[in-house]
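Structure data (compact mmCIF, C-alpha atoms (C1' of nucleotides)) from work26.txt:
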# COMPACT_ATOMS: atom_id res chain seq x y z
CA MET A 1 41.51 5.68 21.30
CA ASP A 2 40.16 6.68 24.68
CA SER A 3 38.99 9.93 23.20
CA ASP A 4 37.17 7.90 20.59
CA TYR A 5 35.47 5.92 23.31
CA GLY A 6 34.47 9.19 24.97
CA LYS A 7 32.93 10.44 21.77
CA LEU A 8 30.99 7.24 21.34
CA ARG A 9 29.70 7.45 24.90
CA ASP A 10 28.54 10.99 24.27
CA LYS A 11 26.74 10.02 21.10
CA LEU A 12 24.89 7.30 22.93
CA ASP A 13 24.04 9.58 25.86
CA THR A 14 21.45 11.73 24.13
CA GLY A 15 18.57 11.14 26.50
CA LYS A 16 16.90 8.61 24.30
CA TYR A 17 19.01 5.76 25.60
CA LYS A 18 20.61 5.02 28.94
CA VAL A 19 24.32 4.54 29.24
CA THR A 20 24.52 1.25 31.10
CA ARG A 21 27.61 -0.74 32.01
CA GLN A 22 26.75 -3.34 29.42
CA ARG A 23 26.55 -0.75 26.70
CA GLU A 24 29.78 0.85 27.83
CA ALA A 25 31.53 -2.49 27.66
CA ILE A 26 30.24 -3.05 24.13
CA LEU A 27 31.43 0.39 23.04
CA GLN A 28 34.87 -0.34 24.46
CA VAL A 29 35.15 -3.56 22.54
CA LEU A 30 34.04 -1.89 19.32
CA CYS A 31 36.58 0.85 19.96
CA HIS A 32 39.45 -1.54 20.54
CA HIS A 33 38.76 -3.62 17.45
CA LYS A 34 37.94 -0.91 14.95
CA ASP A 35 39.04 -2.66 11.82
CA GLU A 36 37.84 -6.18 12.42
CA HIS A 37 34.30 -6.56 11.09
CA MET A 38 33.26 -8.66 14.08
CA SER A 39 30.14 -10.81 14.22
CA ALA A 40 27.73 -10.59 17.14
CA GLU A 41 29.21 -13.77 18.59
CA GLU A 42 32.74 -12.43 18.38
CA ILE A 43 31.70 -9.21 20.06
CA TYR A 44 29.92 -11.27 22.71
CA ASP A 45 33.06 -13.27 23.49
CA ARG A 46 35.15 -10.13 23.86
CA VAL A 47 32.63 -8.21 25.91
CA ARG A 48 32.42 -11.07 28.39
CA GLU A 49 36.05 -10.45 29.25
CA LEU A 50 34.95 -7.05 30.56
CA TYR A 51 31.48 -7.98 31.75
CA PRO A 52 31.17 -11.75 32.16
CA ASP A 53 27.46 -11.91 32.94
CA ILE A 54 26.21 -10.12 29.86
CA GLY A 55 23.67 -11.96 27.73
CA LEU A 56 23.83 -12.47 24.00
CA ALA A 57 20.46 -10.78 23.56
CA THR A 58 21.90 -7.61 25.02
CA ILE A 59 24.63 -7.65 22.40
CA TYR A 60 22.06 -7.83 19.64
CA ARG A 61 19.84 -5.20 21.22
CA THR A 62 22.71 -2.78 21.69
CA LEU A 63 23.98 -3.30 18.17
CA ASP A 64 20.50 -2.49 16.90
CA ILE A 65 20.53 0.75 18.84
CA LEU A 66 23.99 1.69 17.63
CA THR A 67 22.91 0.95 14.09
CA ASP A 68 19.90 3.21 14.50
CA LEU A 69 22.14 5.98 15.79
CA ASN A 70 24.40 5.42 12.81
CA MET A 71 27.30 4.65 15.12
CA VAL A 72 27.90 1.25 13.54
CA HIS A 73 27.16 -0.23 10.15
CA ARG A 74 25.69 -3.68 9.83
CA LEU A 75 27.50 -5.55 7.06
CA ASP A 76 26.66 -8.73 5.24
CA PHE A 77 29.47 -10.65 3.61
CA GLY A 78 27.30 -13.60 2.73
CA ASP A 79 28.69 -15.96 5.34
CA GLY A 80 25.40 -16.33 7.15
CA ARG A 81 25.97 -13.89 9.97
CA ALA A 82 25.91 -10.12 10.23
CA ARG A 83 29.11 -8.23 10.90
CA TYR A 84 29.50 -4.85 12.47
CA GLU A 85 31.79 -1.97 11.73
CA LEU A 86 32.31 1.18 13.75
CA VAL A 87 31.44 4.33 11.81
CA GLN A 88 34.51 6.54 11.69
CA ASP A 89 34.54 10.28 12.07
CA LYS A 90 35.64 11.06 8.58
CA PRO A 91 32.99 9.86 6.17
CA HIS A 92 35.58 7.49 4.72
CA HIS A 93 33.48 5.79 2.11
CA HIS A 94 34.96 2.44 1.31
CA HIS A 95 34.36 -0.97 -0.19
CA HIS A 96 35.37 -4.44 0.90
CA LEU A 97 37.75 -6.95 -0.61
CA ILE A 98 36.78 -10.47 0.37
CA CYS A 99 39.38 -13.16 -0.16
CA LEU A 100 37.85 -16.43 -1.33
CA ARG A 101 40.76 -18.48 -0.04
CA CYS A 102 41.64 -17.16 3.43
CA GLY A 103 38.45 -15.24 4.12
CA SER A 104 40.26 -12.04 5.03
CA ILE A 105 38.39 -8.81 4.51
CA SER A 106 40.23 -5.63 3.70
CA GLU A 107 39.09 -2.24 2.53
CA VAL A 108 39.50 0.05 -0.43
CA LYS A 109 39.05 3.70 0.13
CA ASP A 110 37.98 5.91 -2.72
CA ASP A 111 34.69 6.12 -4.39
CA LEU A 112 34.41 6.06 -8.13
CA LEU A 113 30.73 5.35 -8.04
CA TYR A 114 29.38 8.89 -8.17
CA GLN A 115 29.47 8.86 -11.94
CA LEU A 116 27.59 5.59 -12.06
CA GLU A 117 25.08 6.83 -9.50
CA GLU A 118 24.34 9.86 -11.63
CA THR A 119 23.64 7.63 -14.59
CA VAL A 120 21.28 5.51 -12.53
CA ASP A 121 19.37 8.55 -11.35
CA ARG A 122 19.10 10.01 -14.82
CA GLU A 123 18.21 6.84 -16.71
CA HIS A 124 16.16 4.94 -14.15
CA GLY A 125 14.68 7.69 -12.00
CA PHE A 126 16.04 5.83 -9.01
CA LEU A 127 17.08 7.98 -6.05
CA ILE A 128 20.16 6.42 -4.49
CA VAL A 129 20.78 6.84 -0.77
CA ASP A 130 23.41 4.17 -0.23
CA HIS A 131 25.29 1.41 -1.96
CA ARG A 132 27.00 -1.85 -1.16
CA LEU A 133 30.03 -2.88 -3.12
CA GLN A 134 32.12 -5.95 -2.50
CA PHE A 135 34.91 -7.44 -4.56
CA LEU A 136 35.47 -11.18 -4.42
CA GLY A 137 38.84 -12.63 -5.32
CA TYR A 138 42.25 -13.50 -3.97
CA CYS A 139 44.36 -11.30 -1.72
CA ALA A 140 48.04 -10.63 -2.22
CA ASN A 141 48.99 -13.58 -0.02
CA CYS A 142 46.64 -16.06 -1.61
CA ARG A 143 46.59 -15.21 -5.30
CA ASP A 144 49.66 -17.28 -6.06
CA PHE A 145 48.10 -20.45 -4.71
CA ASN A 146 45.41 -20.29 -7.34
CA SER A 147 47.83 -20.85 -10.19
CA MET B 1 11.32 -19.32 -24.09
CA ASP B 2 10.99 -23.00 -24.90
CA SER B 3 14.30 -22.88 -26.68
CA ASP B 4 15.76 -21.39 -23.52
CA TYR B 5 14.38 -24.26 -21.52
CA GLY B 6 15.91 -26.67 -23.99
CA LYS B 7 19.31 -25.04 -23.59
CA LEU B 8 19.05 -25.26 -19.84
CA ARG B 9 18.11 -28.91 -20.02
CA ASP B 10 21.13 -29.59 -22.20
CA LYS B 11 23.46 -27.80 -19.83
CA LEU B 12 22.23 -29.91 -16.96
CA ASP B 13 22.45 -33.12 -18.99
CA THR B 14 26.21 -33.47 -19.07
CA GLY B 15 26.49 -36.90 -17.51
CA LYS B 16 27.37 -35.60 -14.10
CA TYR B 17 23.75 -35.08 -13.12
CA LYS B 18 20.54 -36.81 -14.02
CA VAL B 19 17.73 -34.93 -15.67
CA THR B 20 14.83 -35.88 -13.42
CA ARG B 21 11.25 -34.67 -13.57
CA GLN B 22 11.77 -32.62 -10.45
CA ARG B 23 14.76 -30.88 -11.95
CA GLU B 24 12.92 -30.30 -15.20
CA ALA B 25 10.06 -28.68 -13.33
CA ILE B 26 12.47 -26.39 -11.49
CA LEU B 27 14.14 -25.38 -14.74
CA GLN B 28 10.76 -24.57 -16.24
CA VAL B 29 9.84 -22.34 -13.34
CA LEU B 30 13.17 -20.54 -13.49
CA CYS B 31 12.67 -20.12 -17.23
CA HIS B 32 9.20 -18.66 -16.91
CA HIS B 33 10.16 -16.19 -14.21
CA LYS B 34 13.47 -14.99 -15.52
CA ASP B 35 13.46 -11.52 -14.05
CA GLU B 36 12.03 -12.16 -10.62
CA HIS B 37 14.83 -12.94 -8.16
CA MET B 38 12.77 -15.64 -6.47
CA SER B 39 13.56 -17.12 -3.08
CA ALA B 40 13.71 -20.89 -2.57
CA GLU B 41 10.25 -20.80 -1.00
CA GLU B 42 8.79 -18.90 -3.94
CA ILE B 43 10.33 -21.34 -6.38
CA TYR B 44 8.97 -24.18 -4.25
CA ASP B 45 5.43 -22.80 -4.43
CA ARG B 46 5.58 -22.45 -8.18
CA VAL B 47 7.18 -25.81 -8.86
CA ARG B 48 4.44 -27.52 -6.87
CA GLU B 49 1.95 -26.36 -9.48
CA LEU B 50 3.83 -28.54 -11.96
CA TYR B 51 4.95 -31.27 -9.58
CA PRO B 52 2.87 -31.21 -6.39
CA ASP B 53 4.79 -33.85 -4.45
CA ILE B 54 8.21 -32.24 -4.66
CA GLY B 55 9.99 -31.61 -1.38
CA LEU B 56 11.59 -28.37 -0.31
CA ALA B 57 14.93 -30.09 0.17
CA THR B 58 14.95 -31.01 -3.49
CA ILE B 59 14.53 -27.36 -4.39
CA TYR B 60 17.58 -26.44 -2.33
CA ARG B 61 19.62 -29.35 -3.64
CA THR B 62 18.82 -28.54 -7.24
CA LEU B 63 19.57 -24.86 -6.79
CA ASP B 64 22.95 -25.86 -5.36
CA ILE B 65 23.66 -27.94 -8.43
CA LEU B 66 22.56 -25.19 -10.80
CA THR B 67 24.74 -22.74 -8.91
CA ASP B 68 27.70 -25.08 -9.27
CA LEU B 69 27.06 -25.34 -12.98
CA ASN B 70 26.88 -21.55 -13.12
CA MET B 71 23.36 -21.75 -14.49
CA VAL B 72 21.94 -19.61 -11.69
CA HIS B 73 23.41 -16.99 -9.39
CA ARG B 74 22.66 -17.00 -5.71
CA LEU B 75 21.93 -13.44 -4.60
CA ASP B 76 21.70 -11.91 -1.16
CA PHE B 77 19.67 -8.74 -0.77
CA GLY B 78 19.94 -8.72 2.99
CA ASP B 79 16.38 -9.78 3.68
CA GLY B 80 17.34 -13.02 5.36
CA ARG B 81 16.81 -15.41 2.49
CA ALA B 82 18.79 -16.23 -0.61
CA ARG B 83 17.39 -15.34 -3.99
CA TYR B 84 18.15 -16.95 -7.31
CA GLU B 85 18.61 -15.52 -10.76
CA LEU B 86 18.92 -17.37 -14.02
CA VAL B 87 22.22 -16.73 -15.77
CA GLN B 88 21.50 -15.31 -19.20
CA ASP B 89 23.30 -16.21 -22.40
CA LYS B 90 24.86 -12.85 -22.97
CA PRO B 91 27.21 -12.13 -20.08
CA HIS B 92 24.96 -9.18 -19.23
CA HIS B 93 26.81 -7.88 -16.22
CA HIS B 94 24.43 -5.91 -14.09
CA HIS B 95 23.76 -4.46 -10.67
CA HIS B 96 20.65 -4.28 -8.53
CA LEU B 97 18.52 -1.34 -7.47
CA ILE B 98 16.73 -2.12 -4.22
CA CYS B 99 13.86 0.16 -3.29
CA LEU B 100 13.70 0.85 0.42
CA ARG B 101 10.00 1.66 0.31
CA CYS B 102 8.31 -0.95 -1.88
CA GLY B 103 11.09 -3.54 -1.89
CA SER B 104 11.15 -3.86 -5.65
CA ILE B 105 14.39 -4.95 -7.22
CA SER B 106 15.33 -3.81 -10.68
CA GLU B 107 18.53 -3.99 -12.64
CA VAL B 108 21.06 -1.67 -14.22
CA LYS B 109 23.03 -2.97 -17.11
CA ASP B 110 26.40 -1.52 -17.86
CA ASP B 111 29.57 -1.95 -15.98
CA LEU B 112 31.68 1.00 -15.07
CA LEU B 113 33.66 -0.95 -12.53
CA TYR B 114 36.50 -2.17 -14.72
CA GLN B 115 38.43 0.98 -14.06
CA LEU B 116 37.98 0.62 -10.32
CA GLU B 117 38.93 -3.05 -10.48
CA GLU B 118 42.17 -2.21 -12.21
CA THR B 119 43.00 0.21 -9.44
CA VAL B 120 42.31 -2.42 -6.81
CA ASP B 121 44.57 -4.93 -8.53
CA ARG B 122 47.38 -2.45 -8.96
CA GLU B 123 47.27 -0.87 -5.51
CA HIS B 124 46.24 -3.77 -3.33
CA GLY B 125 47.52 -6.78 -5.21
CA PHE B 126 44.03 -8.19 -4.95
CA LEU B 127 42.93 -10.43 -7.82
CA ILE B 128 39.25 -9.80 -8.47
CA VAL B 129 37.10 -12.58 -9.82
CA ASP B 130 33.65 -11.17 -9.11
CA HIS B 131 31.86 -8.27 -7.50
CA ARG B 132 28.59 -7.49 -5.84
CA LEU B 133 27.09 -4.07 -6.23
CA GLN B 134 23.73 -2.97 -4.93
CA PHE B 135 22.19 0.47 -4.81
CA LEU B 136 19.73 1.28 -2.06
CA GLY B 137 17.23 4.06 -2.50
CA TYR B 138 13.81 4.90 -3.86
CA CYS B 139 12.45 3.82 -7.21
CA ALA B 140 10.67 6.10 -9.65
CA ASN B 141 7.29 5.26 -8.14
CA CYS B 142 8.33 5.73 -4.55
CA ARG B 143 10.77 8.62 -4.54
CA ASP B 144 8.01 11.22 -4.37
CA PHE B 145 6.59 9.75 -1.18
CA ASN B 146 9.81 10.51 0.64
CA SER B 147 9.30 14.27 0.48
C1' DT C 1 13.45 6.70 49.90
C1' DA C 2 9.74 5.54 46.68
C1' DT C 3 8.40 5.18 42.08
C1' DC C 4 8.37 4.66 37.32
C1' DT C 5 10.56 2.83 33.18
C1' DA C 6 14.07 1.23 30.47
C1' DT C 7 17.08 -2.45 30.52
C1' DT C 8 18.63 -7.00 31.30
C1' DG C 9 19.48 -12.33 31.23
C1' DA C 10 17.71 -16.73 30.34
C1' DG C 11 15.56 -19.42 27.62
C1' DA C 12 12.00 -20.22 24.18
C1' DA C 13 10.79 -19.33 19.51
C1' DA C 14 11.27 -18.17 14.79
C1' DG C 15 12.95 -18.75 10.18
C1' DA C 16 16.10 -20.29 6.56
C1' DT C 17 19.04 -23.81 5.31
C1' DT C 18 21.41 -28.34 5.75
C1' DA C 19 21.96 -33.16 7.23
C1' DT C 20 20.08 -37.73 7.80
C1' DC C 21 18.06 -41.78 6.26
C1' DA C 22 15.08 -45.11 4.46
C1' DG C 23 12.64 -45.74 0.23
C1' DT C 24 12.26 -45.12 -4.97
C1' DG C 25 13.39 -45.11 -9.75
C1' DC C 26 16.57 -45.76 -13.42
C1' DC C 27 20.03 -48.22 -16.08
C1' DG C 28 23.21 -51.56 -17.47
C1' DA C 29 24.98 -56.49 -16.81
C1' DG C 30 24.07 -60.91 -16.80
C1' DC D 1 13.49 -60.36 -17.50
C1' DT D 2 15.78 -59.88 -13.19
C1' DC D 3 19.16 -58.24 -10.27
C1' DG D 4 22.21 -54.92 -8.19
C1' DG D 5 24.10 -50.57 -7.69
C1' DC D 6 23.60 -45.84 -7.21
C1' DA D 7 21.96 -41.30 -7.72
C1' DC D 8 17.95 -39.13 -6.33
C1' DT D 9 13.98 -38.04 -3.45
C1' DG D 10 10.70 -36.68 0.49
C1' DA D 11 10.03 -36.25 5.21
C1' DT D 12 11.80 -34.78 9.11
C1' DA D 13 15.26 -33.74 12.44
C1' DA D 14 18.95 -30.79 13.31
C1' DT D 15 21.60 -26.52 12.96
C1' DC D 16 22.54 -21.79 13.28
C1' DT D 17 21.69 -16.94 13.72
C1' DT D 18 18.61 -13.73 15.33
C1' DT D 19 14.38 -12.21 17.69
C1' DC D 20 10.84 -12.59 21.20
C1' DT D 21 9.00 -13.15 25.90
C1' DC D 22 8.87 -12.24 30.54
C1' DA D 23 10.04 -11.83 35.21
C1' DA D 24 13.65 -9.54 37.70
C1' DT D 25 16.76 -5.56 38.13
C1' DA D 26 18.93 -1.16 37.82
C1' DG D 27 18.91 3.91 37.00
C1' DA D 28 17.09 8.35 37.10
C1' DT D 29 13.97 11.49 39.18
C1' DA D 30 11.04 13.55 42.41
Render the structure in this file as structure tokens.
Amino acid sequence: MDSDYGKLRDKLDTGKYKVTRQREAILQVLCHHKDEHMSAEEIYDRVRELYPDIGLATIYRTLDILTDLNMVHRLDFGDGRARYELVQDKPHHHHHLICLRCGSISEVKDDLLYQLEETVDREHGFLIVDHRLQFLGYCANCRDFNS
Amino acid sequence: MDSDYGKLRDKLDTGKYKVTRQREAILQVLCHHKDEHMSAEEIYDRVRELYPDIGLATIYRTLDILTDLNMVHRLDFGDGRARYELVQDKPHHHHHLICLRCGSISEVKDDLLYQLEETVDREHGFLIVDHRLQFLGYCANCRDFNS
DNA sequence: TATCTATTGAGAAAGATTATCAGTGCCGAG
DNA sequence: CTCGGCACTGATAATCTTTCTCAATAGATA
């Protein structure tokens, strides 16, 4: 975990951007909540425990930078706010399972889309560089409540 | 086209909701721009050509109703505003191709996800009721501009 | 230390959507 | 025909997330 934080710090420290205390605090929070898909507000609340005087704008600005550097992914689950996910070392392509009852978000590894992407390229001449795939439904805990 | 509008009118006219002139105008616009993925504002502008005094709130309220009735789908392409798509007669499952250069949005028919959905159900106990799949890349017109 | 920028915090501003509320139109009962 | 109820409407205020602005500050370098 600490080694992960070190790697993140190094990635940020490439000359283009300064490594400030605020940015360090944000990296720590992202590191310690790897699998949570936090919103900017949630990150803000947690960073203030480490650095109480930070401003919300700084959270947004830093997340923009980290997104540019491909250190985090900005996600949109359709709930009206962006969510952020730390990019892991291993490419680890995955999709999201969004539970319509409890709102939990889990992940599916694997990627069976290559075949479909080939078809799209061949038949539509569309050059794919990324995709977004979400499944909506009911998680193992909730599916029984929906008869 | 007119027959499509008639079908839409009938679907709306089920006793639960009144068929008002404003709602008729909105249905007409949706009908005449089937493949456009319009935003609320764009629908607003076009409806005002038929019914100049309509209010924006009525557009939103009607689109909510039509979404409830499963007559339109609310889409989110990540550009900060919702977009709306008329639900076609034939189930016509499809995905969206979003061009990162010109912003055009086209569609791919076909659905190769059933296999993947089975896997998700079996391995995660997650009951899927819908999915969202978008491909990001460059369309046939734009791909050559990106070296 | 002095200087030059990037960075920051606070608050204003933007932009999409929703809530509020008084007024309107429609329909059925009397 | 009139009345009363109620869904619907338009205007506008309010909400919520995100971005912008700007003066003040901090960090790196010479």
Hey, could you lay chain B over chain A with a least-squares C-alpha fit (all atoms, paired in order) and save it as an mmCIF file with C-alpha atoms, keeping the file's coordinate frame?
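Everything below was put into superposed31.cif:
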data_model
loop_
_atom_site.group_PDB
_atom_site.id
_atom_site.type_symbol
_atom_site.label_atom_id
_atom_site.label_comp_id
_atom_site.auth_asym_id
_atom_site.auth_seq_id
_atom_site.Cartn_x
_atom_site.Cartn_y
_atom_site.Cartn_z
ATOM 1 C CA MET B 1 41.515 5.640 21.271
ATOM 2 C CA ASP B 2 40.166 6.701 24.641
ATOM 3 C CA SER B 3 39.017 9.947 23.132
ATOM 4 C CA ASP B 4 37.196 7.899 20.519
ATOM 5 C CA TYR B 5 35.480 5.945 23.236
ATOM 6 C CA GLY B 6 34.487 9.188 24.892
ATOM 7 C CA LYS B 7 32.941 10.449 21.668
ATOM 8 C CA LEU B 8 31.002 7.247 21.264
ATOM 9 C CA ARG B 9 29.733 7.452 24.812
ATOM 10 C CA ASP B 10 28.552 10.996 24.194
ATOM 11 C CA LYS B 11 26.745 10.025 21.025
ATOM 12 C CA LEU B 12 24.882 7.316 22.866
ATOM 13 C CA ASP B 13 24.076 9.610 25.793
ATOM 14 C CA THR B 14 21.477 11.770 24.106
ATOM 15 C CA GLY B 15 18.609 11.166 26.490
ATOM 16 C CA LYS B 16 16.931 8.626 24.293
ATOM 17 C CA TYR B 17 19.053 5.773 25.592
ATOM 18 C CA LYS B 18 20.686 5.043 28.895
ATOM 19 C CA VAL B 19 24.412 4.589 29.148
ATOM 20 C CA THR B 20 24.595 1.306 31.035
ATOM 21 C CA ARG B 21 27.665 -0.700 31.961
ATOM 22 C CA GLN B 22 26.782 -3.312 29.391
ATOM 23 C CA ARG B 23 26.570 -0.722 26.659
ATOM 24 C CA GLU B 24 29.808 0.873 27.781
ATOM 25 C CA ALA B 25 31.559 -2.474 27.597
ATOM 26 C CA ILE B 26 30.252 -3.041 24.074
ATOM 27 C CA LEU B 27 31.434 0.391 22.982
ATOM 28 C CA GLN B 28 34.873 -0.330 24.392
ATOM 29 C CA VAL B 29 35.143 -3.569 22.478
ATOM 30 C CA LEU B 30 34.026 -1.919 19.257
ATOM 31 C CA CYS B 31 36.563 0.833 19.895
ATOM 32 C CA HIS B 32 39.447 -1.541 20.465
ATOM 33 C CA HIS B 33 38.727 -3.633 17.396
ATOM 34 C CA LYS B 34 37.914 -0.942 14.904
ATOM 35 C CA ASP B 35 39.021 -2.700 11.760
ATOM 36 C CA GLU B 36 37.788 -6.208 12.385
ATOM 37 C CA HIS B 37 34.234 -6.599 11.073
ATOM 38 C CA MET B 38 33.219 -8.692 14.068
ATOM 39 C CA SER B 39 30.104 -10.833 14.219
ATOM 40 C CA ALA B 40 27.693 -10.587 17.156
ATOM 41 C CA GLU B 41 29.165 -13.774 18.612
ATOM 42 C CA GLU B 42 32.706 -12.434 18.382
ATOM 43 C CA ILE B 43 31.674 -9.205 20.052
ATOM 44 C CA TYR B 44 29.892 -11.260 22.708
ATOM 45 C CA ASP B 45 33.044 -13.246 23.478
ATOM 46 C CA ARG B 46 35.124 -10.123 23.831
ATOM 47 C CA VAL B 47 32.621 -8.172 25.890
ATOM 48 C CA ARG B 48 32.426 -11.036 28.371
ATOM 49 C CA GLU B 49 36.062 -10.412 29.234
ATOM 50 C CA LEU B 50 34.971 -7.006 30.517
ATOM 51 C CA TYR B 51 31.499 -7.940 31.721
ATOM 52 C CA PRO B 52 31.196 -11.711 32.158
ATOM 53 C CA ASP B 53 27.485 -11.861 32.948
ATOM 54 C CA ILE B 54 26.238 -10.083 29.847
ATOM 55 C CA GLY B 55 23.679 -11.923 27.752
ATOM 56 C CA LEU B 56 23.824 -12.441 24.022
ATOM 57 C CA ALA B 57 20.460 -10.759 23.581
ATOM 58 C CA THR B 58 21.889 -7.583 25.036
ATOM 59 C CA ILE B 59 24.618 -7.635 22.417
ATOM 60 C CA TYR B 60 22.035 -7.824 19.644
ATOM 61 C CA ARG B 61 19.823 -5.184 21.220
ATOM 62 C CA THR B 62 22.693 -2.772 21.668
ATOM 63 C CA LEU B 63 23.959 -3.308 18.144
ATOM 64 C CA ASP B 64 20.455 -2.499 16.905
ATOM 65 C CA ILE B 65 20.493 0.743 18.838
ATOM 66 C CA LEU B 66 23.957 1.676 17.606
ATOM 67 C CA THR B 67 22.861 0.918 14.063
ATOM 68 C CA ASP B 68 19.854 3.184 14.498
ATOM 69 C CA LEU B 69 22.098 5.941 15.766
ATOM 70 C CA ASN B 70 24.343 5.370 12.758
ATOM 71 C CA MET B 71 27.256 4.623 15.052
ATOM 72 C CA VAL B 72 27.857 1.208 13.496
ATOM 73 C CA HIS B 73 27.098 -0.300 10.111
ATOM 74 C CA ARG B 74 25.630 -3.743 9.807
ATOM 75 C CA LEU B 75 27.446 -5.609 7.039
ATOM 76 C CA ASP B 76 26.600 -8.811 5.234
ATOM 77 C CA PHE B 77 29.435 -10.727 3.616
ATOM 78 C CA GLY B 78 27.275 -13.687 2.732
ATOM 79 C CA ASP B 79 28.657 -16.024 5.360
ATOM 80 C CA GLY B 80 25.384 -16.387 7.204
ATOM 81 C CA ARG B 81 25.957 -13.934 10.012
ATOM 82 C CA ALA B 82 25.866 -10.173 10.238
ATOM 83 C CA ARG B 83 29.053 -8.280 10.896
ATOM 84 C CA TYR B 84 29.446 -4.877 12.463
ATOM 85 C CA GLU B 85 31.751 -2.001 11.703
ATOM 86 C CA LEU B 86 32.275 1.146 13.695
ATOM 87 C CA VAL B 87 31.398 4.281 11.755
ATOM 88 C CA GLN B 88 34.456 6.502 11.624
ATOM 89 C CA ASP B 89 34.492 10.260 12.031
ATOM 90 C CA LYS B 90 35.597 11.055 8.539
ATOM 91 C CA PRO B 91 32.923 9.832 6.143
ATOM 92 C CA HIS B 92 35.537 7.452 4.734
ATOM 93 C CA HIS B 93 33.439 5.769 2.100
ATOM 94 C CA HIS B 94 34.928 2.413 1.323
ATOM 95 C CA HIS B 95 34.337 -0.999 -0.179
ATOM 96 C CA HIS B 96 35.328 -4.481 0.908
ATOM 97 C CA LEU B 97 37.747 -6.968 -0.597
ATOM 98 C CA ILE B 98 36.768 -10.501 0.369
ATOM 99 C CA CYS B 99 39.382 -13.180 -0.173
ATOM 100 C CA LEU B 100 37.892 -16.437 -1.373
ATOM 101 C CA ARG B 101 40.802 -18.479 -0.061
ATOM 102 C CA CYS B 102 41.651 -17.182 3.412
ATOM 103 C CA GLY B 103 38.441 -15.264 4.081
ATOM 104 C CA SER B 104 40.222 -12.077 5.038
ATOM 105 C CA ILE B 105 38.352 -8.854 4.524
ATOM 106 C CA SER B 106 40.192 -5.665 3.751
ATOM 107 C CA GLU B 107 39.047 -2.283 2.583
ATOM 108 C CA VAL B 108 39.492 0.034 -0.369
ATOM 109 C CA LYS B 109 39.036 3.691 0.218
ATOM 110 C CA ASP B 110 38.022 5.913 -2.620
ATOM 111 C CA ASP B 111 34.725 6.147 -4.306
ATOM 112 C CA LEU B 112 34.464 6.082 -8.036
ATOM 113 C CA LEU B 113 30.770 5.362 -7.963
ATOM 114 C CA TYR B 114 29.418 8.900 -8.038
ATOM 115 C CA GLN B 115 29.517 8.913 -11.789
ATOM 116 C CA LEU B 116 27.631 5.637 -11.974
ATOM 117 C CA GLU B 117 25.108 6.854 -9.415
ATOM 118 C CA GLU B 118 24.368 9.910 -11.491
ATOM 119 C CA THR B 119 23.669 7.698 -14.464
ATOM 120 C CA VAL B 120 21.299 5.560 -12.432
ATOM 121 C CA ASP B 121 19.378 8.596 -11.225
ATOM 122 C CA ARG B 122 19.117 10.090 -14.679
ATOM 123 C CA GLU B 123 18.216 6.937 -16.590
ATOM 124 C CA HIS B 124 16.160 5.029 -14.069
ATOM 125 C CA GLY B 125 14.691 7.743 -11.899
ATOM 126 C CA PHE B 126 16.065 5.854 -8.936
ATOM 127 C CA LEU B 127 17.091 7.974 -5.950
ATOM 128 C CA ILE B 128 20.177 6.417 -4.396
ATOM 129 C CA VAL B 129 20.788 6.797 -0.700
ATOM 130 C CA ASP B 130 23.425 4.120 -0.175
ATOM 131 C CA HIS B 131 25.310 1.369 -1.932
ATOM 132 C CA ARG B 132 26.984 -1.896 -1.164
ATOM 133 C CA LEU B 133 30.022 -2.919 -3.120
ATOM 134 C CA GLN B 134 32.120 -5.986 -2.499
ATOM 135 C CA PHE B 135 34.924 -7.454 -4.548
ATOM 136 C CA LEU B 136 35.509 -11.185 -4.444
ATOM 137 C CA GLY B 137 38.878 -12.609 -5.332
ATOM 138 C CA TYR B 138 42.285 -13.472 -3.952
ATOM 139 C CA CYS B 139 44.363 -11.277 -1.694
ATOM 140 C CA ALA B 140 48.053 -10.582 -2.165
ATOM 141 C CA ASN B 141 49.001 -13.532 0.028
ATOM 142 C CA CYS B 142 46.674 -16.004 -1.602
ATOM 143 C CA ARG B 143 46.643 -15.138 -5.284
ATOM 144 C CA ASP B 144 49.761 -17.179 -6.003
ATOM 145 C CA PHE B 145 48.199 -20.355 -4.651
ATOM 146 C CA ASN B 146 45.546 -20.228 -7.335
ATOM 147 C CA SER B 147 48.000 -20.957 -10.140
#
Exercise for review: Output the contact residues of chain A with respect to chain B at a cut-off of 8 Å, based on all atoms listed in the file, as an MDAnalysis selection string.
Suggested key: chainID A and resid 76 78 97 108 112 116 120 124:140 143
Which residues of chain D come within 10 Å of chain B, and for each one, what is the closest pair of atoms and their distance in Å to one decimal, counting all atoms listed in the file, sorted by chain and residue number, as a tab-separated table?
residue	atom	partner	partner_atom	distance
D:DA7	C1'	B:Lys18	CA	7.9
D:DC8	C1'	B:Thr20	CA	8.4
D:DT9	C1'	B:Thr58	CA	7.1
D:DG10	C1'	B:Gly55	CA	5.5
D:DA11	C1'	B:Gly55	CA	8.1
Point to revise | Exercise: DG27 (chain D) partners within 12 Å, all atoms listed in the file, chain neighbours under 5 positions left out, as a list in words | key: Tyr17, Lys18, Val19, Thr20 and Arg21 of chain A; DT3, DC4, DT5, DA6 and DT7 of chain C
Exercise for review: For Glu36 (chain A), list every protein, DNA or RNA residue within 10 Å, evaluated using only C-alpha atoms (C1' of nucleotides), and leave out those in the same chain fewer than 4 positions away; present the list as a PyMOL selection string.
Suggested key: chain A and resi 30+32+83-86+104-106
Write out the residues from the selection above, keeping C-alpha atoms, as a compact mmCIF listing (two decimals), keeping the file's coordinate frame.
# COMPACT_ATOMS: atom_id res chain seq x y z
CA LEU A 30 34.04 -1.89 19.32
CA HIS A 32 39.45 -1.54 20.54
CA ARG A 83 29.11 -8.23 10.90
CA TYR A 84 29.50 -4.85 12.47
CA GLU A 85 31.79 -1.97 11.73
CA LEU A 86 32.31 1.18 13.75
CA SER A 104 40.26 -12.04 5.03
CA ILE A 105 38.39 -8.81 4.51
CA SER A 106 40.23 -5.63 3.70
